[in-house]
$ cat model_32.cif   # mmCIF, C-alpha atoms
data_model
loop_
_atom_site.label_atom_id
_atom_site.label_comp_id
_atom_site.auth_asym_id
_atom_site.auth_seq_id
_atom_site.Cartn_x
_atom_site.Cartn_y
_atom_site.Cartn_z
CA MET E 24 87.77 89.81 121.95
CA THR E 25 88.07 87.34 124.75
CA SER E 26 91.04 85.26 125.85
CA ARG E 27 91.32 82.06 127.77
CA ASN E 28 92.83 81.80 131.26
CA LEU E 29 96.57 81.41 130.99
CA PRO E 30 99.08 79.92 133.46
CA PHE E 31 102.02 81.80 134.88
CA LEU E 32 105.14 79.68 135.09
CA SER E 33 107.55 80.59 137.87
CA ASN E 34 110.48 78.92 139.58
CA SER E 35 110.99 81.83 141.98
CA ALA E 36 110.66 81.25 145.72
CA GLU E 37 109.87 84.93 146.27
CA VAL E 38 107.19 85.68 143.71
CA SER E 39 104.16 83.90 142.32
CA GLY E 40 101.77 85.21 139.76
CA ALA E 41 99.36 84.66 136.91
CA ILE E 42 98.79 86.05 133.45
CA THR E 43 95.14 86.99 133.64
CA ARG E 44 94.61 88.22 130.09
CA PHE E 45 96.45 88.08 126.79
CA ALA E 46 94.06 89.40 124.15
CA ILE E 47 94.06 90.83 120.65
CA LEU E 48 92.01 94.01 120.98
CA ASP E 49 92.07 94.96 117.32
CA CYS E 50 93.35 93.52 114.06
CA LYS E 51 93.27 95.36 110.73
CA LEU E 52 94.42 93.55 107.61
CA ASP E 53 95.82 95.49 104.66
CA ARG E 54 96.10 92.93 101.90
CA THR E 55 97.42 95.55 99.48
CA LEU E 56 100.44 96.39 101.65
CA LYS E 57 100.50 92.81 103.00
CA VAL E 58 100.57 93.86 106.62
CA ALA E 59 98.44 93.23 109.72
CA ALA E 60 98.14 96.02 112.30
CA LEU E 61 97.55 94.60 115.79
CA LYS E 62 96.65 96.03 119.16
CA VAL E 63 97.37 93.58 121.99
CA ALA E 64 96.59 93.74 125.72
CA LEU E 65 98.44 91.87 128.46
CA ASP E 66 97.45 91.74 132.14
CA TRP E 67 99.29 89.92 134.92
CA VAL E 68 99.35 89.88 138.71
CA LEU E 69 102.36 89.23 140.95
CA SER E 70 102.18 88.25 144.63
CA GLU E 71 105.16 88.57 146.99
CA ARG E 72 105.54 85.47 149.18
CA VAL E 73 108.26 86.80 151.50
CA THR E 74 109.26 90.14 152.84
CA GLY E 75 111.61 92.08 150.58
CA GLU E 76 111.84 94.14 147.43
CA ALA E 77 111.26 91.41 144.85
CA LEU E 78 108.25 93.18 143.38
CA ALA E 79 110.11 96.47 143.05
CA THR E 80 112.29 95.02 140.29
CA PRO E 81 111.42 96.31 136.80
CA TRP E 82 109.71 93.73 134.57
CA GLN E 83 109.83 93.22 130.84
CA ALA E 84 107.08 91.78 128.63
CA THR E 85 108.49 90.55 125.33
CA PHE E 86 106.19 89.65 122.43
CA TYR E 87 107.25 87.07 119.85
CA THR E 88 106.07 85.45 116.68
CA HIS E 89 107.64 82.60 114.72
CA ASP E 90 109.03 82.05 111.27
CA LYS E 91 110.78 79.04 109.74
CA ALA E 92 114.02 79.89 111.58
CA GLY E 93 112.37 80.04 115.01
CA PRO E 94 111.06 82.74 117.37
CA VAL E 95 111.24 86.36 116.24
CA GLU E 96 111.02 89.18 118.77
CA ILE E 97 108.45 91.82 117.84
CA VAL E 98 108.55 94.32 120.68
CA ALA E 99 109.58 94.48 124.36
CA VAL E 100 107.89 96.70 126.94
CA GLU E 101 109.44 97.50 130.32
CA VAL E 102 107.26 98.35 133.31
CA SER E 103 107.97 98.97 136.97
CA SER E 104 105.96 98.66 140.17
CA ALA E 105 105.13 102.35 139.81
CA ASP E 106 103.12 101.45 136.70
CA ALA E 107 101.09 98.81 138.54
CA VAL E 108 98.06 98.90 140.80
CA GLU E 109 98.99 97.72 144.31
CA GLU E 110 96.63 95.65 146.45
CA ARG E 111 96.84 93.52 149.57
CA GLY E 112 96.14 89.85 148.93
CA ALA E 113 96.06 86.65 150.96
CA GLU E 114 99.79 86.06 150.34
CA GLY E 115 100.82 89.65 150.96
CA ARG E 116 101.39 92.51 148.59
CA GLU E 117 100.03 92.14 145.04
CA LEU E 118 100.80 94.22 141.97
CA ARG E 119 98.50 94.22 138.94
CA PHE E 120 100.12 95.16 135.64
CA HIS E 121 98.45 96.21 132.40
CA VAL E 122 100.22 96.70 129.06
CA GLU E 123 98.81 97.59 125.65
CA VAL E 124 101.04 97.55 122.58
CA GLU E 125 100.51 98.17 118.88
CA PHE E 126 102.66 96.69 116.14
CA GLU E 127 102.55 95.37 112.60
CA LEU E 128 103.23 91.91 111.22
CA PRO E 129 103.95 90.93 107.60
CA LEU E 130 100.98 89.28 105.96
CA ASP E 131 102.46 86.74 103.56
CA GLY E 132 99.92 84.06 104.47
CA PRO E 133 97.96 83.06 107.56
CA LEU E 134 98.65 85.20 110.61
CA PRO E 135 101.36 83.58 112.76
CA PRO E 136 100.83 82.69 116.45
CA LEU E 137 101.91 85.11 119.15
CA GLU E 138 103.77 84.40 122.38
CA VAL E 139 104.81 86.54 125.33
CA THR E 140 107.34 86.13 128.10
CA ILE E 141 107.55 88.13 131.33
CA ARG E 142 110.92 88.37 133.09
CA ARG E 143 112.75 90.49 135.58
CA VAL E 144 114.78 93.06 133.72
CA GLU E 145 117.94 92.11 135.65
CA HIS E 146 117.56 88.53 134.36
CA VAL E 147 116.75 89.23 130.70
CA LEU E 148 120.22 88.27 129.43
CA ARG E 149 120.34 85.00 131.37
CA SER E 150 118.99 81.61 130.48
CA PRO E 151 115.20 81.72 129.85
CA ALA E 152 114.89 78.25 131.38
CA GLY E 153 116.26 79.48 134.69
CA ASP E 154 114.91 83.01 134.83
CA MET E 155 111.67 83.07 132.86
CA MET E 156 108.90 84.42 135.07
CA GLY E 157 105.92 83.95 132.77
CA TYR E 158 104.95 82.51 129.38
CA ALA E 159 101.73 82.29 127.40
CA ASP E 160 100.33 81.71 123.92
CA ALA E 161 98.09 84.41 122.51
CA PRO E 162 94.39 83.83 121.94
CA ASP E 163 93.24 83.06 118.43
CA PHE E 164 93.39 85.79 115.87
CA PRO E 165 90.05 87.26 114.84
CA GLU E 166 88.48 85.77 111.76
CA PRO E 167 89.83 87.57 108.67
CA PRO E 168 87.43 89.57 106.53
CA GLU E 169 85.65 87.60 103.82
CA ARG E 170 84.48 88.33 100.33
CA VAL E 171 80.71 88.78 100.26
CA ASP E 172 78.42 88.54 97.24
CA SER E 173 74.84 89.74 97.03
CA ALA E 174 72.05 88.82 94.64
CA VAL E 175 68.71 90.51 94.13
CA PHE E 176 65.65 88.55 92.98
CA CYS E 177 62.20 89.70 91.92
CA PRO E 178 59.32 88.15 89.92
CA GLN E 179 58.39 88.31 86.28
CA THR E 180 56.71 91.39 84.87
CA VAL E 181 54.27 92.78 87.43
CA GLY E 182 50.72 93.94 86.87
CA ARG E 183 48.93 97.02 88.09
CA ALA E 184 47.16 96.76 91.45
CA THR E 185 49.34 93.84 92.53
CA SER E 186 52.24 93.38 94.91
CA PHE E 187 55.48 91.41 94.74
CA LEU E 188 58.66 90.61 96.67
CA VAL E 189 62.12 91.97 96.08
CA GLN E 190 64.53 89.58 97.76
CA THR E 191 68.16 90.41 98.54
CA PHE E 192 70.67 87.81 99.71
CA VAL E 193 74.23 88.18 101.00
CA TYR E 194 76.41 85.08 101.01
CA PRO E 195 79.92 83.71 100.48
CA PRO E 196 80.57 82.95 96.80
CA THR E 197 80.20 79.20 97.41
CA GLN E 198 76.51 79.64 98.35
CA GLU E 199 75.30 81.25 95.13
CA ASP E 200 73.11 78.26 94.22
CA LEU E 201 71.64 78.15 97.72
CA ALA E 202 70.58 81.79 97.38
CA ARG E 203 68.76 81.00 94.14
CA ASP E 204 66.99 78.01 95.71
CA ARG E 205 65.86 80.04 98.73
CA ALA E 206 64.56 82.82 96.47
CA HIS E 207 62.49 80.32 94.47
CA GLU E 208 61.10 78.80 97.66
CA ALA E 209 59.68 82.20 98.60
CA ASP E 210 58.52 83.08 95.07
CA ALA E 211 58.46 80.55 92.24
CA MET E 212 58.53 83.37 89.68
CA ALA E 213 61.57 85.10 91.11
CA ALA E 214 64.48 85.65 88.75
CA ARG E 215 67.99 86.68 89.62
CA ARG E 216 69.00 90.04 88.19
CA GLY E 217 72.68 89.56 88.82
CA VAL E 218 75.29 89.41 91.52
CA PHE E 219 76.71 92.41 93.33
CA SER E 220 80.12 91.71 94.88
CA LEU E 221 80.63 94.04 97.82
CA PRO E 222 83.73 96.14 97.10
CA ALA E 223 85.51 95.39 100.41
CA ASP E 224 86.08 92.25 102.43
CA VAL E 225 83.63 92.12 105.31
CA PRO E 226 84.68 91.00 108.83
CA LEU E 227 82.32 88.73 110.73
CA GLY E 228 79.79 90.65 112.80
CA THR E 229 79.68 93.60 110.40
CA ARG E 230 76.33 95.23 109.70
CA ILE E 231 75.23 95.51 106.06
CA ASP E 232 72.46 98.05 105.45
CA LEU E 233 70.15 97.84 102.42
CA HIS E 234 67.84 100.52 101.10
CA LEU E 235 65.38 99.87 98.25
CA GLU E 236 64.11 102.67 96.02
CA MET E 237 61.42 102.21 93.35
CA PRO E 238 60.14 105.75 92.64
CA THR E 239 56.99 104.85 90.65
CA LEU E 240 56.03 101.98 92.98
CA LEU E 241 55.31 101.76 96.71
CA VAL E 242 57.85 100.12 99.03
CA ALA E 243 56.28 99.44 102.43
CA GLU E 244 59.52 99.28 104.44
CA PRO E 245 62.50 100.33 102.32
CA ASP E 246 65.24 99.68 104.90
CA ALA E 247 66.75 96.42 106.08
CA ALA E 248 69.88 95.48 107.99
CA LEU E 249 71.76 92.20 107.90
CA LEU E 250 74.55 91.03 110.21
CA TRP E 251 77.29 89.23 108.35
CA ARG E 252 77.91 85.85 110.03
CA GLY E 253 79.77 84.17 107.20
CA THR E 254 76.75 82.39 105.73
CA LEU E 255 73.60 83.10 103.69
CA ALA E 256 71.32 85.87 104.99
CA SER E 257 68.39 87.57 103.30
CA ALA E 258 66.06 90.55 103.40
CA GLN E 259 62.66 90.81 101.73
CA PHE E 260 60.86 93.97 100.62
CA ASP E 261 57.13 94.20 99.92
CA VAL E 262 56.46 96.31 96.84
CA ALA E 263 52.99 97.41 95.74
CA VAL E 264 52.10 98.44 92.19
CA PRO E 265 49.49 101.24 92.20
CA ALA E 266 46.47 100.83 89.95
CA ASP E 267 47.54 103.94 88.05
CA ALA E 268 51.27 103.10 87.89
CA PRO E 269 52.86 104.12 84.57
CA LEU E 270 53.05 101.22 82.13
CA GLY E 271 56.44 100.13 80.90
CA THR E 272 59.80 100.01 82.62
CA ALA E 273 60.13 100.77 86.33
CA ILE E 274 63.64 101.32 87.68
CA GLY E 275 64.65 100.09 91.11
CA ARG E 276 67.81 100.65 93.15
CA ILE E 277 69.32 98.74 96.03
CA ARG E 278 71.84 100.87 97.92
CA PHE E 279 74.39 98.97 100.01
CA SER E 280 76.30 100.27 103.03
CA ILE E 281 78.94 98.33 104.98
CA ALA E 282 79.24 99.37 108.64
CA GLY E 283 77.77 102.75 107.73
CA VAL E 284 79.98 103.24 104.66
CA PRO E 285 78.15 103.64 101.31
CA ALA E 286 79.41 100.73 99.21
CA GLY E 287 77.50 100.84 95.95
CA THR E 288 74.20 100.72 94.12
CA LEU E 289 72.56 97.95 92.10
CA ARG E 290 70.04 99.23 89.55
CA PHE E 291 67.45 96.95 88.03
CA GLN E 292 64.24 97.17 86.04
CA VAL E 293 60.88 95.47 85.97
CA THR E 294 58.09 95.90 83.45
CA VAL E 295 54.73 97.15 84.66
CA ALA E 296 51.86 95.78 82.58
CA ALA E 297 48.11 96.21 82.73
CA ALA E 298 47.99 92.50 83.49
CA VAL E 299 50.67 89.82 83.83
CA THR E 300 50.97 87.33 80.97
CA ASN E 301 52.82 84.05 80.80
CA ASP E 302 55.34 85.38 78.29
CA ALA E 303 56.16 88.45 80.37
CA ALA E 304 59.81 89.39 80.33
CA ARG E 305 61.77 88.72 83.46
CA ALA E 306 63.35 91.44 85.53
CA ALA E 307 66.66 92.60 84.15
CA GLU E 308 69.75 94.04 85.75
CA VAL E 309 70.49 97.54 84.49
CA GLY E 310 73.85 98.00 86.13
CA VAL E 311 76.02 97.86 89.21
CA ARG E 312 78.09 100.79 90.39
CA ARG E 313 80.68 100.03 93.05
CA TYR E 314 82.04 103.10 94.73
CA ARG E 315 85.81 103.42 94.39
CA ARG E 316 86.53 107.15 94.60
CA ALA E 317 84.61 109.67 96.68
CA PHE E 318 84.36 113.43 97.00
CA VAL E 319 83.31 114.64 100.44
CA SER E 320 80.99 117.61 100.80
CA TYR E 321 80.67 119.03 104.32
CA ALA E 322 80.49 122.18 106.41
CA SER E 323 83.74 123.33 108.02
CA LYS E 324 82.12 123.13 111.46
CA ASP E 325 81.81 119.37 110.97
CA ARG E 326 85.41 118.71 109.87
CA GLY E 327 86.38 116.73 112.98
CA GLU E 328 83.46 114.32 112.65
CA VAL E 329 84.00 114.04 108.89
CA LEU E 330 87.67 113.12 109.36
CA ARG E 331 86.67 110.38 111.81
CA ARG E 332 84.14 108.92 109.37
CA VAL E 333 86.51 109.13 106.41
CA GLN E 334 89.04 106.93 108.22
CA ALA E 335 86.39 104.21 108.42
CA PHE E 336 85.58 104.68 104.74
CA ARG E 337 89.22 104.17 103.79
CA ILE E 338 89.40 100.98 105.83
CA ALA E 339 86.41 99.76 103.83
CA GLY E 340 88.34 100.30 100.59
CA LEU E 341 86.84 103.64 99.44
CA SER E 342 89.35 106.17 98.12
CA VAL E 343 88.65 109.72 99.32
CA PHE E 344 90.12 112.81 97.65
CA GLN E 345 92.35 114.08 100.47
CA ASP E 346 92.91 117.74 99.63
CA VAL E 347 89.34 118.80 100.32
CA LEU E 348 89.73 117.67 103.94
CA ASP E 349 92.54 120.14 104.56
CA LEU E 350 90.81 123.26 103.23
CA GLU E 351 87.89 125.49 104.11
CA PRO E 352 84.96 125.08 101.70
CA GLY E 353 85.58 128.53 100.21
CA GLU E 354 89.22 127.64 99.53
CA ARG E 355 88.10 124.51 97.71
CA TRP E 356 86.25 126.71 95.23
CA GLU E 357 89.09 129.20 94.89
CA ARG E 358 91.38 126.35 93.86
CA GLU E 359 88.67 124.75 91.72
CA LEU E 360 88.96 121.51 93.68
CA TYR E 361 85.22 121.05 93.20
CA CYS E 362 86.24 119.83 89.73
CA GLU E 363 87.37 116.65 91.50
CA ILE E 364 83.65 115.85 91.50
CA ASP E 365 84.20 115.11 87.79
CA ASN E 366 86.54 112.24 88.74
CA CYS E 367 84.53 110.63 91.52
CA ASP E 368 81.73 108.10 91.32
CA VAL E 369 80.04 109.16 94.57
CA LEU E 370 79.65 112.45 96.40
CA LEU E 371 79.40 111.76 100.12
CA LEU E 372 77.15 114.48 101.50
CA PHE E 373 77.84 114.79 105.24
CA TRP E 374 74.52 116.23 106.31
CA SER E 375 73.90 118.39 109.36
CA SER E 376 72.34 121.73 110.28
CA ALA E 377 75.66 123.38 109.45
CA ALA E 378 75.74 121.68 106.04
CA ALA E 379 72.15 122.72 105.36
CA ALA E 380 73.14 126.35 106.02
CA SER E 381 76.40 126.25 104.06
CA PRO E 382 76.37 128.02 100.66
CA TRP E 383 79.48 126.04 99.69
CA VAL E 384 77.82 122.69 100.31
CA ALA E 385 74.86 123.92 98.24
CA LYS E 386 77.24 124.82 95.40
CA GLU E 387 78.82 121.35 95.46
CA ILE E 388 75.38 119.72 95.38
CA ASP E 389 74.41 121.89 92.39
CA TYR E 390 77.67 121.07 90.60
CA ALA E 391 77.14 117.33 91.13
CA LEU E 392 73.54 117.53 89.92
CA ALA E 393 74.66 119.45 86.83
CA ARG E 394 77.18 116.68 86.10
CA LYS E 395 74.33 114.16 86.18
CA GLN E 396 72.47 116.16 83.48
CA GLY E 397 69.14 114.98 84.81
CA GLN E 398 70.05 111.28 84.36
CA ASP E 399 70.11 109.30 87.57
CA ASP E 400 72.46 106.66 86.19
CA ARG E 401 75.18 109.21 85.37
CA PRO E 402 77.94 109.71 87.95
CA PRO E 403 78.37 110.85 90.55
CA ASP E 404 75.85 109.22 92.83
CA ILE E 405 74.92 111.49 95.72
CA ALA E 406 75.00 109.51 98.99
CA PRO E 407 73.76 111.35 102.09
CA VAL E 408 75.69 110.54 105.28
CA PRO E 409 73.75 112.12 108.18
CA ILE E 410 75.99 113.13 111.09
CA GLU E 411 73.37 114.89 113.21
CA GLY E 412 70.17 113.68 114.83
CA PRO E 413 67.87 111.93 114.79
CA PRO E 414 65.88 113.86 113.87
CA ILE E 415 67.88 114.63 110.77
CA PRO E 416 67.75 118.20 109.39
CA PRO E 417 65.40 118.36 106.39
CA PRO E 418 67.21 117.74 103.09
CA PRO E 419 67.17 120.35 100.32
CA GLU E 420 64.16 120.17 98.03
CA LYS E 421 66.31 119.12 95.07
CA LEU E 422 67.41 116.01 97.02
CA ARG E 423 64.05 115.00 98.47
CA HIS E 424 64.13 111.87 96.32
CA LEU E 425 67.24 110.61 98.14
CA HIS E 426 67.24 108.66 101.38
CA PHE E 427 68.47 110.38 104.54
CA ASN E 428 68.51 107.30 106.80
CA ASP E 429 67.63 107.90 110.46
CA ALA E 430 68.06 104.21 111.32
CA LEU E 431 71.54 104.12 109.81
CA LEU E 432 72.55 107.26 111.70
CA ALA E 433 71.36 105.79 114.98
CA HIS E 434 73.46 102.68 114.32
CA VAL E 435 76.57 104.67 113.42
CA ALA E 436 76.18 106.93 116.45
CA ALA E 437 75.81 103.93 118.77
CA ASN E 438 78.89 102.21 117.34
CA GLY E 439 81.09 105.16 116.49
#
$ encode --input "model_32.cif" --output "structure tokens"
Amino acid sequence: MTSRNLPFLSNSAEVSGAITRFAILDCKLDRTLKVAALKVALDWVLSERVTGEALATPWQATFYTHDKAGPVEIVAVEVSSADAVEERGAEGRELRFHVEVEFELPLDGPLPPLEVTIRRVEHVLRSPAGDMMGYADAPDFPEPPERVDSAVFCPQTVGRATSFLVQTFVYPPTQEDLARDRAHEADAMAARRGVFSLPADVPLGTRIDLHLEMPTLLVAEPDAALLWRGTLASAQFDVAVPADAPLGTAIGRIRFSIAGVPAGTLRFQVTVAAAVTNDAARAAEVGVRRYRRAFVSYASKDRGEVLRRVQAFRIAGLSVFQDVLDLEPGERWERELYCEIDNCDVLLLFWSSAAAASPWVAKEIDYALARKQGQDDRPPDIAPVPIEGPPIPPPPEKLRHLHFNDALLAHVAANG
């Protein structure tokens, strides 16, 4: 995040200076606990105008916010010249200071403004008007995450040896009608199957990955990525119907991931007919499954990487069964923790060469498949999360129908 140039106010004859940066590096909002976790950076430079030890004095940066009663001190950080980088400037000796602090603020409403003062430690208890060495307002807070809806459109019943569009839109809830209008502009026969509300608020600039599966039909390019900018965005998929496609209902799935985190699956159906008629039934939504609770399957060699990824999943609102992260895979079976698969709605399969060689990972896959009883719409979904490659190690034969996404892995690796 960037910050504007900020003045340094000084009434000292010995020292001049400037606050060169006051920036919010990170801001995580927990609306459940009603708290905002902030990481803030402060840089300033001091120049000594006359000979002496003015710069050797310890300095204190004090961060404030405000409530109805007035300023409220959050945290104070003391630094000395030993903590600074010394240079020789036009006015003599210069010291460049850098401070990073982390703290939490209550989140009862909009985030309050921040302020900082910089003073000599020996003057902290005196009048701010006479001894304040620096003052600045913080830059704007980052835009808070937003609720994001998604709608999937496709045409009426499709005929053999034809092709059609599957259109997916993401948008703020206020733009639902605009999504419908845009879908009809691209395909007059498109019908909305339903709305999928992403299960976590999405910060601006977050990548949303989409993957379309239609097993009995042909999807030319099944992957798409959208960047959430706070307004309507869309992805289109070309789907071909083979001349020998089975007649009747064809099931499709759109799998959503938010910043690399599996977020849910929207299932829908279309009817494949020998030829399309005017009274053909429109596409229908079969169901939406939003992932709330996850079981993680992984090789012990990959535990460090898995722990890092799981932290991101929790930020995105996905609950992860904790105990399996603290045990070796064999211990999980000794304690029958694999039965937690019964309580989850998605098994996150962290896939690597080590996972491919792990008998314990294979057992957890088999247990999850047995729970599904051969029915794809039964929980748990199995969501591969590649953590090695590209190229990605080949998936087991029994999971060949799932998508092990090289493009998603490359994105996660570049931004991890």
$ resolve_selection --input "model_32.cif" --expression "the PyMOL selection byres ((chain E and resi 210-215) around 10)" --output "number ranges by chain"
E: 174-180, 187-191, 202-209, 216-218, 305-308
$ atom_distance --input "model_32.cif" --atom1 "CA of Thr294 (chain E)" --atom2 "CA of Ile231 (chain E)"
28.4 Å
$ closest_residue --input "model_32.cif" --among "E:Ile42, E:Ile415, E:Ala273, E:Leu130" --to "Ser70 (chain E)" --atoms "all atoms listed in the file"
E:Ile42
$ closest_residue --input "model_32.cif" --among "E:Ala391, E:Leu240, E:Ala107, E:Val171" --to "Leu227 (chain E)" --atoms "all atoms listed in the file"
E:Val171
$ residues_around --input "model_32.cif" --residues "Pro81 (chain E)" --least-positions-apart "6" --cutoff "7 Å" --atoms "all atoms listed in the file" --output "number ranges by chain"
E: 101-104, 143-144
$ write_last_selection --input "model_32.cif" --atoms "C-alpha atoms" --output "PDB file, keeping the file's coordinate frame"
ATOM      1  CA  GLU E 101     109.440  97.500 130.320  1.00  0.00           C
ATOM      2  CA  VAL E 102     107.260  98.350 133.310  1.00  0.00           C
ATOM      3  CA  SER E 103     107.970  98.970 136.970  1.00  0.00           C
ATOM      4  CA  SER E 104     105.960  98.660 140.170  1.00  0.00           C
ATOM      5  CA  ARG E 143     112.750  90.490 135.580  1.00  0.00           C
ATOM      6  CA  VAL E 144     114.780  93.060 133.720  1.00  0.00           C
TER       7      VAL E 144
END
$ resolve_selection --input "model_32.cif" --expression "the PyMOL selection byres ((chain E and resi 384) around 10)" --output "PyMOL selection string"
chain E and resi 319-323+352-353+372-374+377-383+385-390
$ closest_residue --input "model_32.cif" --among "E:Leu128, E:Val122, E:Leu235, E:Leu65" --to "Asp90 (chain E)" --atoms "all atoms listed in the file"
E:Leu128
$ resolve_selection --input "model_32.cif" --expression "the PyMOL selection byres ((chain E and resi 406) around 6)" --output "list in words"
Leu371, Leu372, Ile405 and Pro407 of chain E
$ residues_around --input "model_32.cif" --residues "Ala268 (chain E)" --least-positions-apart "5" --cutoff "12 Å" --atoms "only C-alpha atoms" --output "number ranges by chain"
E: 181-185, 237-241, 263, 273, 294-298
$ atom_distance --input "model_32.cif" --atom1 "CA of Ala64 (chain E)" --atom2 "CA of Arg111 (chain E)"
23.9 Å
$ residues_around --input "model_32.cif" --residues "Gln198 (chain E)" --least-positions-apart "3" --cutoff "8 Å" --atoms "only C-alpha atoms" --output "list in words"
Tyr194, Pro195, Leu201, Ala202, Thr254 and Leu255 of chain E
$ write_last_selection --input "model_32.cif" --atoms "C-alpha atoms" --output "mmCIF file, keeping the file's coordinate frame"
data_model
loop_
_atom_site.group_PDB
_atom_site.id
_atom_site.type_symbol
_atom_site.label_atom_id
_atom_site.label_comp_id
_atom_site.auth_asym_id
_atom_site.auth_seq_id
_atom_site.Cartn_x
_atom_site.Cartn_y
_atom_site.Cartn_z
ATOM 1 C CA TYR E 194 76.410 85.080 101.010
ATOM 2 C CA PRO E 195 79.920 83.710 100.480
ATOM 3 C CA LEU E 201 71.640 78.150 97.720
ATOM 4 C CA ALA E 202 70.580 81.790 97.380
ATOM 5 C CA THR E 254 76.750 82.390 105.730
ATOM 6 C CA LEU E 255 73.600 83.100 103.690
#
$ atom_distance --input "model_32.cif" --atom1 "CA of Ala286 (chain E)" --atom2 "CA of Leu233 (chain E)"
10.2 Å
$ closest_residue --input "model_32.cif" --among "E:Glu138, E:Val343, E:Trp82, E:Arg119" --to "Ile97 (chain E)" --atoms "only C-alpha atoms"
E:Glu138
$ residues_around --input "model_32.cif" --residues "Pro129 (chain E)" --least-positions-apart "4" --cutoff "7 Å" --atoms "only C-alpha atoms" --output "ChimeraX atom specification"
/E:57-59
$ build_atoms --input "model_32.cif" --residues "region 185-198 of chain E" --atoms "N, CA and C atoms" --output "CSV table (one decimal), keeping the file's coordinate frame"
chain,number,residue,atom,x,y,z
E,185,THR,N,48.8,95.1,91.9
E,185,THR,CA,49.3,93.8,92.5
E,185,THR,C,50.5,94.2,93.4
E,186,SER,N,51.0,93.2,94.1
E,186,SER,CA,52.2,93.4,94.9
E,186,SER,C,53.2,92.2,94.6
E,187,PHE,N,54.5,92.4,95.0
E,187,PHE,CA,55.5,91.4,94.7
E,187,PHE,C,56.6,91.6,95.7
E,188,LEU,N,57.5,90.6,95.8
E,188,LEU,CA,58.7,90.6,96.7
E,188,LEU,C,59.9,91.0,95.9
E,189,VAL,N,60.7,91.8,96.5
E,189,VAL,CA,62.1,92.0,96.1
E,189,VAL,C,63.0,91.3,97.2
E,190,GLN,N,63.7,90.3,96.8
E,190,GLN,CA,64.5,89.6,97.8
E,190,GLN,C,66.0,89.9,97.5
E,191,THR,N,66.7,90.2,98.6
E,191,THR,CA,68.2,90.4,98.5
E,191,THR,C,68.9,89.4,99.5
E,192,PHE,N,69.9,88.8,98.9
E,192,PHE,CA,70.7,87.8,99.7
E,192,PHE,C,72.1,88.3,99.8
E,193,VAL,N,72.8,88.1,100.9
E,193,VAL,CA,74.2,88.2,101.0
E,193,VAL,C,74.8,86.8,101.4
E,194,TYR,N,75.9,86.4,100.8
E,194,TYR,CA,76.4,85.1,101.0
E,194,TYR,C,77.9,85.0,100.6
E,195,PRO,N,78.6,84.0,101.0
E,195,PRO,CA,79.9,83.7,100.5
E,195,PRO,C,79.8,83.2,99.1
E,196,PRO,N,80.7,83.4,98.2
E,196,PRO,CA,80.6,83.0,96.8
E,196,PRO,C,80.2,81.5,96.6
E,197,THR,N,80.5,80.6,97.5
E,197,THR,CA,80.2,79.2,97.4
E,197,THR,C,78.7,78.9,97.6
E,198,GLN,N,77.9,79.9,98.1
E,198,GLN,CA,76.5,79.6,98.4
E,198,GLN,C,75.6,80.3,97.3
